[in-house]
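> The following block contains the structure, expressed as structure tokens.
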Amino acid sequence: MRSRRSFLRDLGVSAAALPLIGGLPSLGLANTPSSGKKHRLIVMFSPNGTLPEQFWPDEEGADFTLKPIMEPLKAHKDSMLILHGLSNKVRGDGDSHMRGMSCLLTGKELFPGNIQGGSHTPAGWCSGHSIDQELKSFFQSHEDMSTRFGSLELGVSVPDRADPWTRMVYAGPNKPVAPIDNPYHVFEKLYGSMKDRETLQSILDDVQEDLRRVRSKISTEDQSLLDEHATFVREMEVELANADKQKLLIAAPELEDGVSNRNDSMPKLAKMQIDMLVNSMVNDMTRVSTLQFTNSVGNARMSWLDIKEGHHQLSHDPDLNEDSQSKLLKINVWFAEQLAYLVDQLANTPEPGGDGVMLDNTTVVWTNELGKGNSHTLQNIPFLLIGKGFGFKTGRSLKFDKVAHNRLWMAIAHGAGHPVESFGNPALCEGGPLDLA
Amino acid sequence: MSRLSTHRSFVSALLLLFGLPGLGFAAEDGVRLQRGQLIYKQQCVECHGAQGEGVADEYDEPLTGDRSIADLAKIIHKTMPDGSEEDCVDDDAAMVAEYIHQAFYSSGARMRNQPVKVDLVRLTVPQYLNAVADLVGSFRKDVTIDDSRGLEANHYGSRNMRRDKHAIERIDPEVDFAFGAGSPGEKMEAEEFSIKWEGSVIIEETGEYEFCVATENGARLWVNDMETKLIDAWVSSGKSREERASVRLLGGRAYPVRLEFFKFKDKTASVALRWTPPHQVEQVIPQRHLSPKEAATVLVINRAFPPDDASVGYERGSSVSKAWDTAATYAAIEVANHVLDHLLPLAGVDRKDDDEARRSKARKFCAQFVRRAFRRPLSEEQERFFVDGPLTDAPDLENGVKRCVLLTLKSPRFLYVGMQRETPDAHDVAMQISTALWDSVPDKELQTAAQNQALLHAQSIRNQTQRMLSDPRTKAKVSAFFSHWLELDEAEDITKDPKRFPDFNERTIADMRTSLELFLDEVVWGESSDYRQLLLADYLYLNGSLAEFFGLDTSGDDSFKPYQFDPRERSGVVTHPLVLTAFAYHASTSPIHRGVFLTRNVLGRSLKPPPMAIEFMDGKFDPRLTMREKVAELTKSKACMTCHEMINPLGFSLEHFDAVGRVQFEDKNKPINASGVYRTLAGDEVPLEGPRDLAEHAATSVTAQRSFIEQLFHHMIKQPVNAYGPETLNKLHQSFVESDYHIQHLLVEIVRVAAMHRLSPTSQTAQL
């Protein structure tokens with residue numbers, strides 16, 4: 001992993017103090033629709049199931065009490081929509097983890113294949129595409145909803161392997177999309193050219209000096225070639241200066257130097273990725289994003305929580321093992337805190353070029369591969385929605401009875417103005433989109 | 001009075017008025033030149049300009065060429081002035097011819113008028129790419145690619161190449177396996193096994209290479225960048241699939257490659273590693289392009305550059321443009337980012353070191369980097385400017401290294417060659433040698449020789465050149481010369497009329513190219529390296545498909561072998577199927593294209609563009625006419641004939657070869673007439689009955705030989721040969737003849753001439 005600082009201090013504002021740019025007209029890259037509501041989708045993934053007792057509110061409806069895992073998010077209770085009873089009903093090849101991961105956003109079966117899980121038949125990639133990519137295509141095909149990237153796939157501590165446990169985003173059958181878990185690469189993607197610009201500007205004076213010195217030593221005929229060259233260097237200097245003046249709505253975040261992709265850096269990496277995720281959305285570079293923490297069967301050792309055992313290992317311990325249960329609780333609370341960091345920023349950032357805050361037009365979906373770790377159940381998959389996007393009526397805890405989760409994805413598509421007839425395996429879409437409005 | 005006599009009397013009157021005193025040459029010569037000049041001013045200046053430079057909208061080409069005075073007189077007599085040819089005939093025409101020949105037309109006149117010098121030029125695009133690749137490469141370990149071929153293969157009895165399940169180790173010539181439902185060998189089960197192939201891929205020509213992994217199972221491929229998979233087809237669903245990805249590679253080098261493969265519970269197993277190199281069709285990567293030794297990663301710039309100026313007949317960096325400056329800047333950024341990403345292997349800068357150590361290693365790296373980029377040691381001032389300055393001014397060490405790299409690669413000291421130092425030193429010599437042979441920076445050995453001042457004598461220069469001659473980078477550059485000489489860059493995407501040539505396809509043209517490359521390789525790099533063989537060889541390299549295409553008996557297998565021909569039928573490059581096919585139309589031959597190619601490239605005659613470009617439209621002719629008859633008809637006017645009387649006989653001599661290089665005896669049911677007469681520069685007539693006559697003349701013609709030398713000189717040195725002295729071409733030719741036309745020897749001499757340019761006489765006395 002590279003160690004590089006952001007080179008943009010001179011451009012001012014750092015993300016640590018995200019400006020409250022109230023009422024500023026949109027500049028530069030910010031792109032607001034002329035009509036229709038803006039919608040943003042962020043899907044955050046954490047692995048190995050949840051602890052049902054500590055997660056799901058007992059009550060149904062608008063009056064409910066948050067359980068311990070959701071405590072860090074209590075400030076946003078009014079924006080929540082908790083959906084209990086949605087199941088991943090995709091069957092076919094692959095074990096529960098593989099299907100839990102690769103059929104989560106797609107709602108479609110895996111191809112038979114050569115990758116063997118802990119049980120069941122070996123499988124290949126998913127045979128369909130994921131909901132975030134569906135939305136991306138929809139947005140990109142409308143000028144007033146399209147953005148520079150369409151979608152941004154981010155990760156935190158994702159193993160460097162491509163297999164059905166590490167991929168949840170699919171652009172199509174057999175077309176997994178890898179998350180970028182190196183924040184410096186993400187920075188490069190979003191702001192790379194700006195960084196290079198700055199370094200270039202720092203040496204152009206010297207280049208011109210060098211040209212002058214060399215020129216003085218050569219024949220008159222040869223000088224004209226160097227003179228021409230020098231005019232291009234001057235022109236480049238002017239252009240770079242102009243590009244500086246062209247503003248992003250907010251500056252790129254300053255990244256901490258030298259964070260490497262080791263297990264212990266997860267908290268730092270998470271923060272960096274979330275900062276860039278929010279930043280990219282303020283600058284309207286994308287309206288769809290996924291944030292994948294590790295992978296299916298992810299085995300992070302959360303030493304900063306005083307936990308030495310791996311996450312996946314703990315998730316296999318029986319319910320009676322109190323020590324493991326308390327550790328799993330800490331782990332899931334930590335994930336919730338990351339979600340809170342994300343949602344807090346969205347709630348505190350004014351909607352660029354519009355009214356209210358970004359959270360009014362965004363829905364963050366926190367989900368998981370399994371309902372519960374040690375049983376590998378694909379029933380009651382955790383779905384916590386926060387945000388007022390897609391026209392959903394929030395501030396509620398809803399209970400369903402073993403409903404296919406495909407219907408949630410359909411509801412999101414419909415809410416965005418994209419009335420799909422089915423999503424994923426059509427047989428699992430009976431009943432149509434969930435009514436969440 | 002007629003116009004004619006008015007002129008005559010006018011001239012005579014002038015003569016009386018301006019009788020010339022003798023000026024050291026025969027009064028009559030002087031008088032004739034004066035008359036010629038007057039006639040020129042009267043009748044020619046309006047269209048040709050006072051110095052023959054041309055006039056926009058009239059005749060905007062300069063009046064220059066290689067015709068004799070007699071030829072010129074004839075041409076003027078027949079065709080000039082344009083529209084009133086009868087106004088300048090007989091002796092008037094002769095006098096004008098004498099005048100212009102001496103004043104500005106001939107090459108002697110041109111050399112007098114505009115003495116040619118070594119120009120300041122920037123690196124051409126290939127030179128930039130190669131320099132940067134070798135500059136960064138010089139910080140990596142040297143890997144010797146020897147003669148062994150194929151890839152190192154390791155087999156395992158598990159699906160993930162577990163060491164303890166290692167089964168077989170061997171060298172595979174190619175990767176193209178169909179294991180069926182069984183096991184690939186001992187100690188492995190049919191249900192589950194994995195194989196790893198490692199080594200390098202050997203690249204001769206710069207270009208895009210599309211790699212393809214074809215498998216029913218799981219496979220992944222790394223090429224050059226060993227940290228990022230080029231192709232990841234690890235996860236499979238048991239169906240056969242092909243995945244492709246392209247990568248740009250520079251010729252004359254080897255690149256590391258690794259292919260990993262596994263089968264797990266699929267019904268059957270297979271794997272093939274294929275590629276599509278430039279100008280070729282997809283094929284399994286052949287053994288001769290694989291080595292079991294793993295080369296070091298090469299930095300290949302991805303940024304696209306605008307093409308170099310080739311208006312003088314060869315590519316040169318004689319101009320700069322905004323697009324070029326931008327491309328060079330982004331390329332420099334690519335290099336800087338690459339260096340930063342690989343600071344540990346390149347500079348030994350480890351995150352674990354303390355600040356002091358990191359700083360010192362970084363500084364050492366930067367100083368070396370600048371020194372090698374500028375191809376000479378740095379002065380103290382230069383070290384401060386290029387190394388310490390950037391490192392100190394930057395906010396942190398990495399940024400400092402980046403600034404140093406950018407400043408260096410954007411410096412004219414890197415970007416330009418031909419900067420005339422007052423007294424060239426050994427470093428200038430080294431740079432000249434490596435630029436000439438490799439289009440790149442000196443290697444360690446050459447640098448050391450320069451450091452030790454050992455490059456100031458002809459012999460040591462020859463020794464180094466000889467050593468560097470066998471490097472694949474030299475071969476790559478010389479290969480590119482032949483591509484240029486034979487205009488093979490035009491031979492892309494050739495299609496032919498499928499009705500007339502149903503068995504001609506992409507594969508045919510790709511095989512023809514391989515055939516030509518094998519031939520050129522053999523002639524140029526063989527022991528006798530004989531130029532004449534290029535023109536006189538009576539054999540062709542053919543594989544099974546090509547042999548069949550040409551109606552020959554094949555021995556069954558598809559590898560390339562030499563096939564002997566009747567010497568009257570085949571003679572070197574002028575009758576090579578690729579050349580004949582490229583210089584032909586969709587369904588018919590093109591004597592004009594072939595003739596122009598032969599005139600300019602092979603025989604070395606100068607040819608102006610036609611006064612009027614006329615498209616050859618087959619449909620407009622009487623369908624019963626042969627191609628020869630059509631061409632003769634089309635070019636029969638006097639204006640056309642000034643050049644076509646030379647071009648046509650040459651093109652007709654190849655009429656026995658159809659549009660795909662196969663022998664034909666009839667055209668429109670009439671026997672082919674390939675006979676003609678070619679008039680040399682000196683005025684001699686060479687009868688041509690067929691290709692062998694043509695080739696014999698080309699091989700022995702001094703004009704042709706000199707032209708070959710000049711073209712090769714331009715390609716290698718990228719400066720006009722006359723810039724090195726008016727006798728240079730003569731001396732090179734003499735030495736060429738004495739060496740029995742040895743091409744490698746010629747290369748060494750060409751490099752020696754350029755490298756020794758302006759070296760002080762004292763250093764030159766220690767033998768030429």
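In the structure tokens, chains take letters A, B, ... by order of appearance, with residues numbered from 1 within each chain and ligands from 1 in the order shown.
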Taking only C-alpha atoms into account, produce a table as a tab-separated table in which each residue of chain B with an atom at most 8 Å from an atom of chain A appears once, together with its shortest atom pair and the distance in Å to one decimal, ordered by chain and rising number.

```
residue	atom	partner	partner_atom	distance
B:Asp119	CA	A:Asp222	CA	7.1
B:Leu120	CA	A:Asp222	CA	5.7
B:Asn217	CA	A:Asn114	CA	7.2
B:Gly218	CA	A:Asn114	CA	7.4
B:Trp234	CA	A:Ala162	CA	7.8
B:Val235	CA	A:Gly124	CA	5.4
B:Ser236	CA	A:Gly113	CA	5.1
B:Ser237	CA	A:Gly113	CA	3.5
B:Gly238	CA	A:Gly113	CA	5.7
B:Lys263	CA	A:Asn114	CA	7.3
B:Phe264	CA	A:Asn114	CA	5.4
B:Lys265	CA	A:Asn114	CA	6.5
B:Asp266	CA	A:Asn114	CA	6.5
B:Ser319	CA	A:Leu225	CA	6.9
B:Val320	CA	A:His229	CA	6.3
B:Ser321	CA	A:His229	CA	7.6
B:Lys322	CA	A:Phe232	CA	5.9
B:Asp325	CA	A:Phe232	CA	6.8
B:Ile333	CA	A:Asp196	CA	7.2
B:Leu340	CA	A:Arg2	CA	7.8
B:Asp341	CA	A:Arg2	CA	6.3
B:Glu398	CA	A:Arg4	CA	7.2
B:Asn399	CA	A:Thr199	CA	7.6
B:Lys402	CA	A:Thr199	CA	7.8
B:Arg403	CA	A:Ile203	CA	6.6
B:Leu406	CA	A:Leu200	CA	7.5
B:Leu407	CA	A:Ile203	CA	6.2
B:Lys410	CA	A:Val207	CA	6.7
B:Ser411	CA	A:Val207	CA	6.3
B:Pro412	CA	A:Leu211	CA	6.4
B:Arg413	CA	A:Val214	CA	7.7
B:Met419	CA	A:Ile218	CA	6.9
B:Gln420	CA	A:Ile218	CA	6.9
```
> Go ahead and write the selection's residues with N, CA and C atoms as a JSON list (two decimals), in the first residue's frame.

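Okay, selection_19.json is ready:
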```json
[["chain", "number", "residue", "atom", "x", "y", "z"],
["B", 119, "ASP", "N", 21.03, 18.08, -36.76],
["B", 119, "ASP", "CA", 20.02, 18.93, -36.14],
["B", 119, "ASP", "C", 19.77, 18.54, -34.70],
["B", 120, "LEU", "N", 19.30, 19.52, -33.95],
["B", 120, "LEU", "CA", 18.78, 19.21, -32.62],
["B", 120, "LEU", "C", 17.42, 18.56, -32.82],
["B", 217, "ASN", "N", -12.07, -24.69, -17.11],
["B", 217, "ASN", "CA", -11.94, -24.73, -15.67],
["B", 217, "ASN", "C", -11.53, -23.37, -15.15],
["B", 218, "GLY", "N", -10.63, -23.34, -14.14],
["B", 218, "GLY", "CA", -10.23, -22.06, -13.59],
["B", 218, "GLY", "C", -8.80, -21.72, -13.98],
["B", 234, "TRP", "N", -10.70, -17.50, -12.76],
["B", 234, "TRP", "CA", -10.55, -18.54, -11.74],
["B", 234, "TRP", "C", -11.85, -19.27, -11.46],
["B", 235, "VAL", "N", -12.91, -18.49, -11.35],
["B", 235, "VAL", "CA", -14.20, -19.09, -11.02],
["B", 235, "VAL", "C", -14.86, -19.55, -12.31],
["B", 236, "SER", "N", -15.21, -20.82, -12.37],
["B", 236, "SER", "CA", -15.81, -21.28, -13.63],
["B", 236, "SER", "C", -17.08, -22.06, -13.37],
["B", 237, "SER", "N", -17.84, -22.24, -14.39],
["B", 237, "SER", "CA", -19.06, -23.04, -14.29],
["B", 237, "SER", "C", -18.99, -24.23, -15.21],
["B", 238, "GLY", "N", -17.80, -24.71, -15.45],
["B", 238, "GLY", "CA", -17.63, -25.92, -16.25],
["B", 238, "GLY", "C", -17.80, -25.72, -17.73],
["B", 263, "LYS", "N", -8.39, -27.56, -11.78],
["B", 263, "LYS", "CA", -9.64, -28.25, -12.07],
["B", 263, "LYS", "C", -10.20, -28.75, -10.75],
["B", 264, "PHE", "N", -11.49, -28.53, -10.55],
["B", 264, "PHE", "CA", -12.12, -29.11, -9.38],
["B", 264, "PHE", "C", -13.51, -29.58, -9.74],
["B", 265, "LYS", "N", -13.66, -30.88, -9.83],
["B", 265, "LYS", "CA", -14.95, -31.52, -10.04],
["B", 265, "LYS", "C", -15.64, -31.15, -11.35],
["B", 266, "ASP", "N", -14.95, -30.46, -12.24],
["B", 266, "ASP", "CA", -15.57, -30.25, -13.55],
["B", 266, "ASP", "C", -15.50, -31.57, -14.31],
["B", 319, "SER", "N", 10.11, 18.25, -34.67],
["B", 319, "SER", "CA", 9.19, 19.31, -34.25],
["B", 319, "SER", "C", 8.56, 18.93, -32.92],
["B", 320, "VAL", "N", 8.10, 19.95, -32.23],
["B", 320, "VAL", "CA", 7.35, 19.70, -31.00],
["B", 320, "VAL", "C", 5.95, 20.26, -31.18],
["B", 321, "SER", "N", 5.02, 19.75, -30.45],
["B", 321, "SER", "CA", 3.65, 20.24, -30.52],
["B", 321, "SER", "C", 3.07, 20.18, -29.12],
["B", 322, "LYS", "N", 1.95, 20.84, -28.97],
["B", 322, "LYS", "CA", 1.32, 20.82, -27.66],
["B", 322, "LYS", "C", 0.92, 19.40, -27.29],
["B", 325, "ASP", "N", 3.91, 17.62, -26.04],
["B", 325, "ASP", "CA", 4.34, 18.05, -24.72],
["B", 325, "ASP", "C", 3.42, 17.51, -23.65],
["B", 333, "ILE", "N", 4.56, 11.55, -15.57],
["B", 333, "ILE", "CA", 3.78, 11.31, -14.36],
["B", 333, "ILE", "C", 3.60, 9.81, -14.14],
["B", 340, "LEU", "N", 7.28, 5.58, -7.40],
["B", 340, "LEU", "CA", 6.80, 5.65, -6.02],
["B", 340, "LEU", "C", 6.16, 4.34, -5.57],
["B", 341, "ASP", "N", 5.44, 3.69, -6.47],
["B", 341, "ASP", "CA", 4.82, 2.43, -6.11],
["B", 341, "ASP", "C", 5.84, 1.33, -5.87],
["B", 398, "GLU", "N", 8.41, 11.17, -0.44],
["B", 398, "GLU", "CA", 7.83, 10.62, -1.68],
["B", 398, "GLU", "C", 7.56, 11.72, -2.68],
["B", 399, "ASN", "N", 7.01, 12.81, -2.20],
["B", 399, "ASN", "CA", 6.74, 13.92, -3.10],
["B", 399, "ASN", "C", 8.02, 14.45, -3.70],
["B", 402, "LYS", "N", 9.12, 12.22, -6.44],
["B", 402, "LYS", "CA", 8.24, 12.46, -7.58],
["B", 402, "LYS", "C", 8.65, 13.72, -8.33],
["B", 403, "ARG", "N", 8.92, 14.78, -7.58],
["B", 403, "ARG", "CA", 9.32, 16.05, -8.23],
["B", 403, "ARG", "C", 10.61, 15.87, -9.01],
["B", 406, "LEU", "N", 9.92, 13.99, -12.25],
["B", 406, "LEU", "CA", 9.21, 14.83, -13.21],
["B", 406, "LEU", "C", 10.14, 15.87, -13.83],
["B", 407, "LEU", "N", 10.91, 16.53, -12.96],
["B", 407, "LEU", "CA", 11.81, 17.57, -13.44],
["B", 407, "LEU", "C", 12.81, 16.99, -14.43],
["B", 410, "LYS", "N", 11.15, 15.95, -17.78],
["B", 410, "LYS", "CA", 10.67, 17.09, -18.55],
["B", 410, "LYS", "C", 11.81, 18.00, -18.97],
["B", 411, "SER", "N", 13.04, 17.57, -18.63],
["B", 411, "SER", "CA", 14.18, 18.41, -18.96],
["B", 411, "SER", "C", 14.62, 18.19, -20.40],
["B", 412, "PRO", "N", 15.05, 19.25, -21.09],
["B", 412, "PRO", "CA", 15.57, 19.08, -22.44],
["B", 412, "PRO", "C", 16.82, 18.19, -22.46],
["B", 413, "ARG", "N", 17.51, 18.08, -21.32],
["B", 413, "ARG", "CA", 18.70, 17.23, -21.29],
["B", 413, "ARG", "C", 18.33, 15.76, -21.44],
["B", 419, "MET", "N", 22.36, 17.70, -29.13],
["B", 419, "MET", "CA", 22.80, 19.01, -28.63],
["B", 419, "MET", "C", 24.32, 19.05, -28.78],
["B", 420, "GLN", "N", 24.76, 19.99, -29.59],
["B", 420, "GLN", "CA", 26.19, 20.01, -29.92],
["B", 420, "GLN", "C", 27.01, 20.60, -28.79]]
```
> Mind listing the strand (DSSP E) residues of segment 27-89 of chain A, per DSSP on the backbone, as a PyMOL selection string?
chain A and resi 40-46+80-87
> Just write the chosen residues, C-alpha atoms, as a short mmCIF file (atom, residue, chain, number, x, y, z; two decimals), in the first residue's frame.

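The file below, result-v8.cif, is the result:
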```cif
data_model
loop_
_atom_site.label_atom_id
_atom_site.label_comp_id
_atom_site.auth_asym_id
_atom_site.auth_seq_id
_atom_site.Cartn_x
_atom_site.Cartn_y
_atom_site.Cartn_z
CA ARG A 40 -29.23 7.90 -3.53
CA LEU A 41 -28.61 4.33 -2.46
CA ILE A 42 -25.78 3.16 -0.22
CA VAL A 43 -25.56 -0.50 0.73
CA MET A 44 -23.30 -1.32 3.65
CA PHE A 45 -22.34 -4.95 4.19
CA SER A 46 -21.01 -6.73 7.25
CA MET A 80 -35.15 4.28 10.23
CA LEU A 81 -37.08 1.53 8.53
CA ILE A 82 -36.35 -1.84 10.13
CA LEU A 83 -37.48 -4.84 8.08
CA HIS A 84 -37.70 -8.14 9.90
CA GLY A 85 -38.78 -11.31 8.13
CA LEU A 86 -37.09 -10.89 4.74
CA SER A 87 -35.34 -14.03 3.64
#
```
> Tell me, as a list of chain:residue names, which residues lie within 10 Å of segment 522-532 of chain B, counting only C-alpha atoms; anything in the same chain fewer than 5 positions away does not count.
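Final neighbour list, sorted by chain and number: B:Leu469, B:Ser470, B:Lys475, B:Val478, B:Ser479, B:Leu516, B:Glu517, B:Ala537, B:Gly572, B:Ala695, B:Glu696, B:Ala698, B:Ala699, B:Thr700, B:Gln705, B:Phe708, B:Phe736, B:Ser739, B:Asp740, B:Tyr741, B:His742, B:Ile743, B:Gln744, B:His745, B:Leu746.
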> Could you work out how far atom CA of Leu259 of chain B lies from atom CA of Arg220 of chain B, giving the answer in Å with one decimal?
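Computing the Euclidean distance for atom CA of Arg220 of chain B and atom CA of Leu259 of chain B yields 5.8 Å.
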> Kindly indicate which residue among B:Lys352, B:Val417, B:Leu650, B:Ala450 lies nearest to Ala430 of chain B, using only C-alpha atoms for the distances.
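Residue with the minimum atom-to-atom distance to Ala430 of chain B: B:Ala450.
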> Within 9 Å of Glu153 of chain A, counting only C-alpha atoms, which residues qualify if same-chain residues fewer than 3 places away don't, as a PyMOL selection string?
chain A and resi 169+177-181+288-292
> DSSP on the backbone: what in segment 374-582 of chain B comes out alpha helix (DSSP H), as a PyMOL selection string?
chain B and resi 374+380-383+389-393+397-409+412-415+426-438+444-451+458-469+472-485+506-525+531-536+544-549+577-582
> Set the distance at 10 Å and use only C-alpha atoms: which residues neighbour Asp497 of chain B once local chain neighbours fewer than 5 positions away are removed? I'd like the list as a ChimeraX atom specification.
/B:502,504,585-588,659
> Using only N, CA, C and O atoms, please write the residues we just selected to a file, as a PDB file, in the first residue's frame.

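Output contents, as saved in again-v9.pdb:
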```pdb
ATOM      1  N   PRO B 502     -10.657 -17.306 -53.304  1.00  0.00           N
ATOM      2  CA  PRO B 502     -11.464 -17.806 -52.191  1.00  0.00           C
ATOM      3  C   PRO B 502     -10.642 -18.337 -51.024  1.00  0.00           C
ATOM      4  O   PRO B 502     -11.113 -18.377 -49.901  1.00  0.00           O
ATOM      5  N   PHE B 504      -7.868 -17.020 -49.867  1.00  0.00           N
ATOM      6  CA  PHE B 504      -7.060 -15.972 -49.235  1.00  0.00           C
ATOM      7  C   PHE B 504      -7.812 -15.409 -48.042  1.00  0.00           C
ATOM      8  O   PHE B 504      -8.936 -14.965 -48.178  1.00  0.00           O
ATOM      9  N   TYR B 585      -4.158  -4.459 -56.173  1.00  0.00           N
ATOM     10  CA  TYR B 585      -5.539  -4.090 -55.855  1.00  0.00           C
ATOM     11  C   TYR B 585      -6.308  -5.274 -55.294  1.00  0.00           C
ATOM     12  O   TYR B 585      -5.772  -6.352 -55.081  1.00  0.00           O
ATOM     13  N   HIS B 586      -7.582  -5.025 -55.085  1.00  0.00           N
ATOM     14  CA  HIS B 586      -8.469  -6.026 -54.508  1.00  0.00           C
ATOM     15  C   HIS B 586      -8.517  -7.290 -55.352  1.00  0.00           C
ATOM     16  O   HIS B 586      -8.549  -8.407 -54.826  1.00  0.00           O
ATOM     17  N   ALA B 587      -8.561  -7.125 -56.660  1.00  0.00           N
ATOM     18  CA  ALA B 587      -8.679  -8.306 -57.511  1.00  0.00           C
ATOM     19  C   ALA B 587      -7.582  -8.401 -58.569  1.00  0.00           C
ATOM     20  O   ALA B 587      -7.407  -9.444 -59.177  1.00  0.00           O
ATOM     21  N   SER B 588      -6.874  -7.312 -58.749  1.00  0.00           N
ATOM     22  CA  SER B 588      -5.877  -7.337 -59.823  1.00  0.00           C
ATOM     23  C   SER B 588      -4.546  -6.796 -59.336  1.00  0.00           C
ATOM     24  O   SER B 588      -4.454  -6.209 -58.259  1.00  0.00           O
ATOM     25  N   ALA B 659      -2.567 -10.786 -57.735  1.00  0.00           N
ATOM     26  CA  ALA B 659      -2.773  -9.909 -56.580  1.00  0.00           C
ATOM     27  C   ALA B 659      -2.507 -10.584 -55.248  1.00  0.00           C
ATOM     28  O   ALA B 659      -2.554  -9.937 -54.211  1.00  0.00           O
TER      29      ALA B 659
END
```
